[in-house]
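File shown: data-v6.txt. Contents: compact mmCIF, C-alpha atoms.
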# COMPACT_ATOMS: atom_id res chain seq x y z
CA MET A 8 4.14 -8.45 0.59
CA CYS A 9 7.16 -7.23 -1.28
CA PRO A 10 8.97 -8.39 -4.39
CA THR A 11 12.23 -8.53 -2.45
CA GLY A 12 11.05 -11.45 -0.35
CA THR A 13 12.33 -9.75 2.79
CA SER A 14 10.03 -9.18 5.70
CA LEU A 15 9.28 -7.94 9.17
CA TRP A 16 11.75 -7.97 12.06
CA GLN A 17 11.23 -10.99 14.28
CA ALA A 18 11.74 -8.78 17.32
CA ARG A 19 8.62 -6.79 16.45
CA ASN A 20 5.51 -8.03 18.15
CA ILE A 21 2.61 -7.42 15.84
CA SER A 22 -0.28 -9.42 17.14
CA ASN A 23 -2.56 -9.13 14.16
CA LEU A 24 -1.87 -8.39 10.53
CA ARG A 25 -5.40 -9.33 9.59
CA SER A 26 -6.45 -5.76 8.74
CA ALA A 27 -3.55 -5.36 6.29
CA PHE A 28 -4.48 -8.72 4.73
CA GLU A 29 -8.10 -7.64 4.37
CA VAL A 30 -7.08 -4.45 2.56
CA LEU A 31 -5.23 -6.52 -0.05
CA ASP A 32 -8.04 -9.10 -0.30
CA THR A 33 -10.11 -6.72 -2.43
CA ASP A 34 -12.83 -9.24 -3.31
CA HIS A 35 -13.09 -10.36 0.34
CA ASP A 36 -12.93 -14.09 -0.43
CA GLY A 37 -10.42 -14.83 2.33
CA LYS A 38 -7.37 -15.11 0.09
CA ILE A 39 -5.22 -12.76 -1.97
CA SER A 40 -5.17 -13.46 -5.70
CA ARG A 41 -3.21 -11.92 -8.57
CA GLU A 42 -6.32 -9.91 -9.38
CA ASP A 43 -6.48 -8.57 -5.81
CA LEU A 44 -2.85 -7.46 -6.07
CA LYS A 45 -3.47 -5.85 -9.46
CA THR A 46 -6.33 -3.89 -7.90
CA SER A 47 -4.26 -2.88 -4.86
CA TYR A 48 -1.13 -2.07 -6.85
CA ALA A 49 -2.58 -0.58 -10.03
CA ASP A 50 0.79 0.74 -11.22
CA ALA A 51 2.65 -2.55 -10.70
CA ASP A 52 3.42 -4.52 -13.83
CA ASP A 53 2.69 -8.24 -14.22
CA GLU A 54 6.27 -9.19 -13.35
CA VAL A 55 6.07 -7.42 -9.98
CA ILE A 56 2.72 -9.04 -9.22
CA ALA A 57 4.10 -12.47 -10.19
CA THR A 58 7.12 -11.96 -7.93
CA MET A 59 4.89 -11.01 -5.01
CA MET A 60 2.83 -14.15 -5.52
CA THR A 61 5.93 -16.35 -5.85
CA VAL A 62 7.36 -15.01 -2.59
CA ALA A 63 4.17 -15.42 -0.58
CA ASP A 64 2.28 -18.37 -2.10
CA SER A 65 4.21 -21.13 -0.32
CA ASN A 66 1.71 -23.91 -1.10
CA LYS A 67 1.64 -22.88 -4.80
CA ASP A 68 -2.16 -22.93 -5.09
CA GLY A 69 -2.29 -19.54 -6.81
CA TYR A 70 -3.52 -17.67 -3.75
CA VAL A 71 -2.01 -16.17 -0.61
CA GLU A 72 -3.93 -17.26 2.46
CA TYR A 73 -3.64 -15.37 5.72
CA ASP A 74 -1.12 -17.78 7.27
CA GLU A 75 1.17 -17.39 4.23
CA PHE A 76 0.78 -13.61 4.34
CA GLU A 77 1.61 -13.52 8.04
CA LYS A 78 4.60 -15.81 7.57
CA VAL A 79 6.11 -13.52 4.91
CA LEU A 80 5.64 -10.43 7.06
CA ARG A 81 6.89 -11.98 10.29
CA SER A 82 10.02 -13.77 9.07
CA ASP A 83 13.32 -11.98 8.50
CA ASN A 84 15.98 -13.68 6.46
CA SER A 85 17.91 -10.58 5.48
CA GLY A 86 18.70 -8.82 8.74
CA SER A 87 17.75 -5.54 7.05
CA GLY A 88 14.43 -4.96 8.78
CA GLY A 89 12.41 -6.62 6.10
CA VAL A 90 9.50 -5.71 3.92
CA MET A 91 7.88 -3.23 6.28
CA ALA A 92 11.16 -1.37 6.72
CA ASP A 93 11.51 -1.26 2.93
CA VAL A 94 7.96 0.08 2.57
CA PHE A 95 8.59 2.67 5.27
CA LYS A 96 11.82 3.83 3.62
CA THR A 97 10.01 4.15 0.30
CA MET A 98 7.30 6.25 1.92
CA ASP A 99 9.84 8.41 3.79
CA ARG A 100 10.71 10.43 0.70
CA ASP A 101 12.75 13.06 2.53
CA GLY A 102 14.71 10.47 4.54
CA ASP A 103 14.13 12.05 7.95
CA GLY A 104 13.08 8.79 9.61
CA LYS A 105 9.42 9.79 9.74
CA VAL A 106 6.58 9.61 7.29
CA GLY A 107 4.95 13.02 7.37
CA TYR A 108 2.06 14.63 5.59
CA GLY A 109 4.02 15.37 2.41
CA ASP A 110 5.61 11.92 2.33
CA LEU A 111 2.29 10.12 2.72
CA THR A 112 0.48 12.37 0.24
CA SER A 113 3.18 11.84 -2.37
CA TYR A 114 3.35 8.07 -1.79
CA LEU A 115 -0.41 7.52 -1.96
CA SER A 116 -0.71 9.71 -5.04
CA SER A 117 2.01 7.76 -6.83
CA ALA A 118 0.23 4.53 -5.86
CA GLY A 119 -2.94 5.80 -7.51
CA PHE A 120 -4.94 6.61 -4.37
CA ASP A 121 -7.05 9.76 -4.33
CA VAL A 122 -7.17 10.93 -0.71
CA ASN A 123 -8.03 14.25 0.86
CA ASP A 124 -6.34 16.20 3.68
CA ASP A 125 -8.61 14.80 6.38
CA GLU A 126 -7.90 11.23 5.31
CA ILE A 127 -4.13 11.84 5.32
CA ASN A 128 -4.29 13.41 8.78
CA SER A 129 -6.44 10.53 10.06
CA MET A 130 -3.94 7.98 8.77
CA LEU A 131 -1.07 9.78 10.44
CA GLY A 132 -3.02 10.11 13.67
CA LEU A 133 -3.74 6.37 13.92
CA GLY A 134 -0.35 5.34 15.26
CA ALA A 135 1.37 8.55 16.25
CA VAL A 136 1.98 9.30 19.90
CA ASP A 137 1.74 13.04 19.19
CA GLY A 138 -1.22 12.77 16.83
CA GLY A 139 0.99 12.63 13.76
CA ALA A 140 1.77 16.34 13.56
CA ASP A 141 5.46 15.67 12.88
CA GLY A 142 4.90 12.39 11.05
CA ILE A 143 5.08 8.81 12.21
CA THR A 144 8.12 6.76 13.10
CA PHE A 145 8.71 3.20 11.93
CA ASP A 146 7.39 1.78 15.21
CA GLU A 147 4.25 3.92 14.91
CA PHE A 148 3.87 2.73 11.30
CA LEU A 149 3.90 -0.87 12.52
CA LYS A 150 1.21 -0.06 15.08
CA ILE A 151 -1.03 1.27 12.32
CA LEU A 152 -0.67 -1.97 10.37
CA ALA A 153 -1.62 -3.97 13.45
CA VAL A 154 -4.87 -2.05 13.97
Any chance you could put this one into C-alpha cells?
Amino acid sequence: MCPTGTSLWQARNISNLRSAFEVLDTDHDGKISREDLKTSYADADDEVIATMMTVADSNKDGYVEYDEFEKVLRSDNSGSGGVMADVFKTMDRDGDGKVGYGDLTSYLSSAGFDVNDDEINSMLGLGAVDGGADGITFDEFLKILAV
C-alpha cells in the first residue's frame, strides 16, 4: 500500500500477495488496521497512515481486507508502474536499477528495522537469479513479494 494510490502493473502476474499482506497484518487478525500500519511503518506520521487507509479501504469499514489489499496492488491507473515500482525506486538509492546490499541495508535501517548481514543476504537471495550478489532487479523484487 502506498500513499500515492498507484499500484502494480497489470501485466505482472503475481499469483499470491498473501505473504506481503500477512507481514502488514501485525496482529494476525486477517485484516490490516491503522495500528498494524503504525507498527509496520513506525516512522510514518498519522497523515501518511490515514492516506494509506483511505486508498485501500474501499468498503470504508476501517480495515483493509486481503481482497482490498490485492486490488490496490494489482490495479494500475497511472501507467507509471505503480506502488511496487515506487517502492523499488525508493529502495534503489543509487539508481542503478537494482536493489543491492547497501540499498537494502540503508532502506531497512531508515524504516526502523534492525537486521544483520545474514538476513540482508537471505532477503536478496530469495528472488535473485544469481543469488543476489549484484542486487535484485524489479522483476526479482516482485518474485520475493509473491513468495
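Excluding A:Val71 and any residue on its chain fewer than 5 positions from it, the residues at most 10 Å away by all atoms listed in the file are Met8, Phe28, Asp32, Gly37, Lys38, Ile39, Ser40, Arg41, Met59, Met60, Thr61, Val62, Ala63, Asp64, Ser65, Asn66, Phe76 and Glu77 of chain A.
For stretch 124-132 of chain A, the non-local neighbours within 10 Å, defined as residues at least 3 positions apart in the same chain or in other chains and counting all atoms listed in the file, are Val106, Gly107, Tyr108, Gly109, Leu111, Thr112, Leu115, Asp121, Ala135, Val136, Asp137, Gly138, Gly139, Ala140, Asp141, Gly142, Ile143, Glu147, Phe148 and Ile151 of chain A.
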Keeping C-alpha atoms for every residue in the selection just given, could you write it to a file as a PDB file, in the frame of the given file?
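Saved the output as again.pdb:
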ATOM      1  CA  VAL A 106       6.580   9.610   7.290  1.00  0.00           C
ATOM      2  CA  GLY A 107       4.950  13.020   7.370  1.00  0.00           C
ATOM      3  CA  TYR A 108       2.060  14.630   5.590  1.00  0.00           C
ATOM      4  CA  GLY A 109       4.020  15.370   2.410  1.00  0.00           C
ATOM      5  CA  LEU A 111       2.290  10.120   2.720  1.00  0.00           C
ATOM      6  CA  THR A 112       0.480  12.370   0.240  1.00  0.00           C
ATOM      7  CA  LEU A 115      -0.410   7.520  -1.960  1.00  0.00           C
ATOM      8  CA  ASP A 121      -7.050   9.760  -4.330  1.00  0.00           C
ATOM      9  CA  ALA A 135       1.370   8.550  16.250  1.00  0.00           C
ATOM     10  CA  VAL A 136       1.980   9.300  19.900  1.00  0.00           C
ATOM     11  CA  ASP A 137       1.740  13.040  19.190  1.00  0.00           C
ATOM     12  CA  GLY A 138      -1.220  12.770  16.830  1.00  0.00           C
ATOM     13  CA  GLY A 139       0.990  12.630  13.760  1.00  0.00           C
ATOM     14  CA  ALA A 140       1.770  16.340  13.560  1.00  0.00           C
ATOM     15  CA  ASP A 141       5.460  15.670  12.880  1.00  0.00           C
ATOM     16  CA  GLY A 142       4.900  12.390  11.050  1.00  0.00           C
ATOM     17  CA  ILE A 143       5.080   8.810  12.210  1.00  0.00           C
ATOM     18  CA  GLU A 147       4.250   3.920  14.910  1.00  0.00           C
ATOM     19  CA  PHE A 148       3.870   2.730  11.300  1.00  0.00           C
ATOM     20  CA  ILE A 151      -1.030   1.270  12.320  1.00  0.00           C
TER      21      ILE A 151
END
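Excluding A:Ile56 itself and any same-chain residue fewer than 6 positions from it, the protein and nucleic acid residues within 9 Å of it, counting all atoms listed in the file, are A:Pro10, A:Arg41, A:Leu44, A:Lys45, A:Tyr48.
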Just to be explicit: take each residue in the selection above, keep C-alpha atoms, and write the result as a short mmCIF file (atom, residue, chain, number, x, y, z; two decimals), keeping the file's coordinate frame.
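Dumped to result33.cif:
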data_model
loop_
_atom_site.label_atom_id
_atom_site.label_comp_id
_atom_site.auth_asym_id
_atom_site.auth_seq_id
_atom_site.Cartn_x
_atom_site.Cartn_y
_atom_site.Cartn_z
CA PRO A 10 8.97 -8.39 -4.39
CA ARG A 41 -3.21 -11.92 -8.57
CA LEU A 44 -2.85 -7.46 -6.07
CA LYS A 45 -3.47 -5.85 -9.46
CA TYR A 48 -1.13 -2.07 -6.85
#
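We find atom CA of A:Thr144 and atom CA of A:Asn123 to be spaced 21.6 Å apart.
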Emit as AutoDock Vina command-line options the padded axis-aligned box for all listed atoms of stretch 89-107 of chain A, 8 Å per side, with centre and edge lengths in Å to one decimal.
--center_x 9.8 --center_y 3.2 --center_z 5.0 --size_x 25.8 --size_y 35.7 --size_z 25.4
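Atom pair atom CA of A:Gly119 / atom CA of A:Ala51 has a distance of 10.5 Å (rounded to one decimal).
Take the candidates A:Arg25, A:Lys105, A:His35, A:Lys150 and check each one against A:Asp74 using only C-alpha atoms; the shortest distance goes to A:Arg25.
With only C-alpha atoms as the basis for measurement, A:Asp110 is the residue among A:Asp36, A:Glu75, A:Glu42, A:Asp110 that approaches A:Lys96 most closely.
The gap separating atom CA of A:Phe145 from atom CA of A:Met91 is 8.6 Å, in Å to one decimal.
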Pick from A:Val94, A:Leu24, A:Val122, A:Leu149 nearest to A:Tyr73, counting all atoms listed in the file: A:Leu24
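The nearest approach to A:Glu72 among the residues A:Ser113, A:Glu29, A:Thr97, A:Thr46, with all atoms listed in the file taken into account, belongs to A:Glu29.
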